[in-house]
Amino acid sequence: KYSKETPFVFKLEDYQDAVIIPRYRNFDQPHRFYVADVYTDLTPLSKFPSPEYETFAEYYKTKYNLDLTNLNQPLLDVDHTSSRLNLLTPRHLNQKGKALPLSSAEKRKAKWESLQNKQILVPELCAIHPIPASLWRKAVCLPSILYRLHCLLTAEELRAQTASDAGVGVRSLPVDFRYPNLDFGWKKSIDSKSFISIANSSSAENENYCKHSTIVV
């Protein structure tokens, strides 16, 4: 625990590619975050995004009764670690396969630049997880990868068994045989309001039009 005699010392290398956990909340089910950026231009004495508090230091003192020992440390912009276990569904679709609403580029930019829409944490109040963020992201994908491999191997086992018992097809495929690539329909129009499909045309007029058209997705 830090004190005025032994204040917190910020080390940039400790927070690069890091997963951090706030020490002061959700003790039963702690939230984990990826460190997206280090704001060297912000400190606990910087203006708080909400008018309810003057500074970040005042916010933590008022809400959590926490005193910071280092008021010159930078602040962290963090992202939630994904709790999504099914990574087989495309990101622009929900679990039922329907397209998710897309915001405009202006709205996305405004949301990205506004501190009110960001999760800002103080390094001194966070613990660093021993697993780096790059490895964490890969580990999150493992259940979906293994599930997908299991499904493919089960399908191949069923195909081979059917070929053997019913005499349909061949039991053993050639060594150089390759299945066609999976098509999830990403290139097709799944929502006319969100995706625009422009058919190829051999005419010079349509070709020139396509070159000068801008599609916002």
# chains A, B, ... in the order shown; residues from 1 in each chain; ligands from 1

call {"tool": "residues_around", "arguments": {"residues": "Thr40 in chain A", "least_positions_apart": "3", "cutoff": "9 Å", "atoms": "only C-alpha atoms", "output": "ChimeraX atom specification"}}
result
/A:43,73-76

call {"tool": "write_last_selection", "arguments": {"atoms": "N, CA, C and O atoms", "output": "PDB file, in the first residue's frame"}}
result
ATOM      1  N   THR A  43      -3.562  13.996 -15.698  1.00  0.00           N
ATOM      2  CA  THR A  43      -3.154  13.551 -14.364  1.00  0.00           C
ATOM      3  C   THR A  43      -4.401  13.500 -13.480  1.00  0.00           C
ATOM      4  O   THR A  43      -5.485  13.939 -13.893  1.00  0.00           O
ATOM      5  N   GLN A  73       0.973  11.317 -11.877  1.00  0.00           N
ATOM      6  CA  GLN A  73       0.953  10.124 -12.727  1.00  0.00           C
ATOM      7  C   GLN A  73      -0.009  10.308 -13.891  1.00  0.00           C
ATOM      8  O   GLN A  73      -1.030  10.984 -13.765  1.00  0.00           O
ATOM      9  N   PRO A  74       0.290   9.730 -15.050  1.00  0.00           N
ATOM     10  CA  PRO A  74      -0.643   9.823 -16.178  1.00  0.00           C
ATOM     11  C   PRO A  74      -1.860   8.938 -15.942  1.00  0.00           C
ATOM     12  O   PRO A  74      -1.874   8.111 -15.027  1.00  0.00           O
ATOM     13  N   LEU A  75      -2.866   9.111 -16.765  1.00  0.00           N
ATOM     14  CA  LEU A  75      -4.087   8.316 -16.658  1.00  0.00           C
ATOM     15  C   LEU A  75      -4.152   7.296 -17.798  1.00  0.00           C
ATOM     16  O   LEU A  75      -3.497   7.448 -18.824  1.00  0.00           O
ATOM     17  N   LEU A  76      -4.960   6.271 -17.597  1.00  0.00           N
ATOM     18  CA  LEU A  76      -5.041   5.164 -18.543  1.00  0.00           C
ATOM     19  C   LEU A  76      -6.396   5.134 -19.237  1.00  0.00           C
ATOM     20  O   LEU A  76      -7.441   5.196 -18.584  1.00  0.00           O
TER      21      LEU A  76
END

call {"tool": "residues_around", "arguments": {"residues": "range 130-142 of chain A", "least_positions_apart": "3", "cutoff": "12 Å", "atoms": "only C-alpha atoms", "output": "MDAnalysis selection string"}}
result
chainID A and resid 13:21 32:36 78:88 127 145:149

call {"tool": "closest_residue", "arguments": {"among": "A:Ser3, A:Leu182, A:Glu58, A:Val175", "to": "Leu152 in chain A", "atoms": "only C-alpha atoms"}}
result
A:Leu182

call {"tool": "atom_distance", "arguments": {"atom1": "CA of Gly169 in chain A", "atom2": "CA of His150 in chain A"}}
result
22.1 Å

call {"tool": "closest_residue", "arguments": {"among": "A:Arg178, A:Lys4, A:Arg23, A:Lys11", "to": "Leu125 in chain A", "atoms": "only C-alpha atoms"}}
result
A:Arg23

call {"tool": "residues_around", "arguments": {"residues": "Asn72 in chain A", "least_positions_apart": "5", "cutoff": "12 Å", "atoms": "only C-alpha atoms", "output": "short mmCIF file (atom, residue, chain, number, x, y, z; two decimals) with N, CA, C and O atoms, in the first residue's frame"}}
result
data_model
loop_
_atom_site.label_atom_id
_atom_site.label_comp_id
_atom_site.auth_asym_id
_atom_site.auth_seq_id
_atom_site.Cartn_x
_atom_site.Cartn_y
_atom_site.Cartn_z
N PRO A 7 5.36 7.00 -2.05
CA PRO A 7 4.30 7.21 -3.04
C PRO A 7 4.43 6.25 -4.22
O PRO A 7 5.46 5.62 -4.45
N PHE A 8 3.36 6.16 -4.96
CA PHE A 8 3.32 5.33 -6.16
C PHE A 8 4.24 5.91 -7.22
O PHE A 8 4.26 7.12 -7.45
N VAL A 9 4.98 5.05 -7.89
CA VAL A 9 5.88 5.46 -8.97
C VAL A 9 5.39 4.80 -10.27
O VAL A 9 5.31 3.57 -10.36
N PHE A 10 5.06 5.62 -11.24
CA PHE A 10 4.54 5.11 -12.51
C PHE A 10 5.69 4.69 -13.42
O PHE A 10 6.65 5.44 -13.62
N TYR A 39 -2.47 8.34 -21.25
CA TYR A 39 -2.63 9.78 -21.45
C TYR A 39 -1.59 10.53 -20.61
O TYR A 39 -1.81 10.82 -19.44
N THR A 40 -0.47 10.84 -21.24
CA THR A 40 0.59 11.55 -20.51
C THR A 40 0.23 13.02 -20.28
O THR A 40 0.88 13.68 -19.47
N ASP A 41 -0.79 13.50 -21.00
CA ASP A 41 -1.21 14.90 -20.83
C ASP A 41 -2.30 15.04 -19.77
O ASP A 41 -2.75 16.15 -19.50
N LEU A 42 -2.71 13.92 -19.17
CA LEU A 42 -3.72 13.96 -18.11
C LEU A 42 -3.13 13.43 -16.81
O LEU A 42 -2.32 12.51 -16.82
N THR A 43 -3.56 14.00 -15.70
CA THR A 43 -3.15 13.55 -14.36
C THR A 43 -4.40 13.50 -13.48
O THR A 43 -5.49 13.94 -13.89
N PRO A 44 -4.27 12.99 -12.26
CA PRO A 44 -5.43 13.00 -11.35
C PRO A 44 -5.99 14.39 -11.06
O PRO A 44 -7.14 14.52 -10.61
N LEU A 45 -5.19 15.43 -11.34
CA LEU A 45 -5.66 16.80 -11.11
C LEU A 45 -6.31 17.40 -12.35
O LEU A 45 -6.74 18.56 -12.31
N SER A 46 -6.41 16.62 -13.42
CA SER A 46 -7.06 17.12 -14.64
C SER A 46 -8.57 17.21 -14.44
O SER A 46 -9.14 16.57 -13.56
N PHE A 56 -10.21 14.28 -11.27
CA PHE A 56 -10.26 12.83 -11.07
C PHE A 56 -9.95 12.48 -9.62
O PHE A 56 -10.55 11.57 -9.04
N ALA A 57 -9.02 13.19 -9.03
CA ALA A 57 -8.66 12.95 -7.63
C ALA A 57 -9.86 13.19 -6.72
O ALA A 57 -10.11 12.42 -5.77
N VAL A 122 -6.92 5.27 -12.99
CA VAL A 122 -5.68 5.76 -12.40
C VAL A 122 -4.75 4.57 -12.14
O VAL A 122 -5.16 3.61 -11.47
N PRO A 123 -3.53 4.58 -12.63
CA PRO A 123 -2.62 3.43 -12.46
C PRO A 123 -2.44 3.00 -11.02
O PRO A 123 -2.38 1.81 -10.71
N GLU A 124 -2.35 3.98 -10.12
CA GLU A 124 -2.09 3.67 -8.71
C GLU A 124 -3.19 2.80 -8.10
O GLU A 124 -2.93 2.03 -7.17
#

call {"tool": "closest_residue", "arguments": {"among": "A:Glu156, A:Asp77, A:Glu52, A:Asp67", "to": "Val170 in chain A", "atoms": "only C-alpha atoms"}}
result
A:Glu156

call {"tool": "closest_residue", "arguments": {"among": "A:Glu5, A:Leu153, A:Gln161, A:Pro143", "to": "Asn70 in chain A", "atoms": "only C-alpha atoms"}}
result
A:Glu5
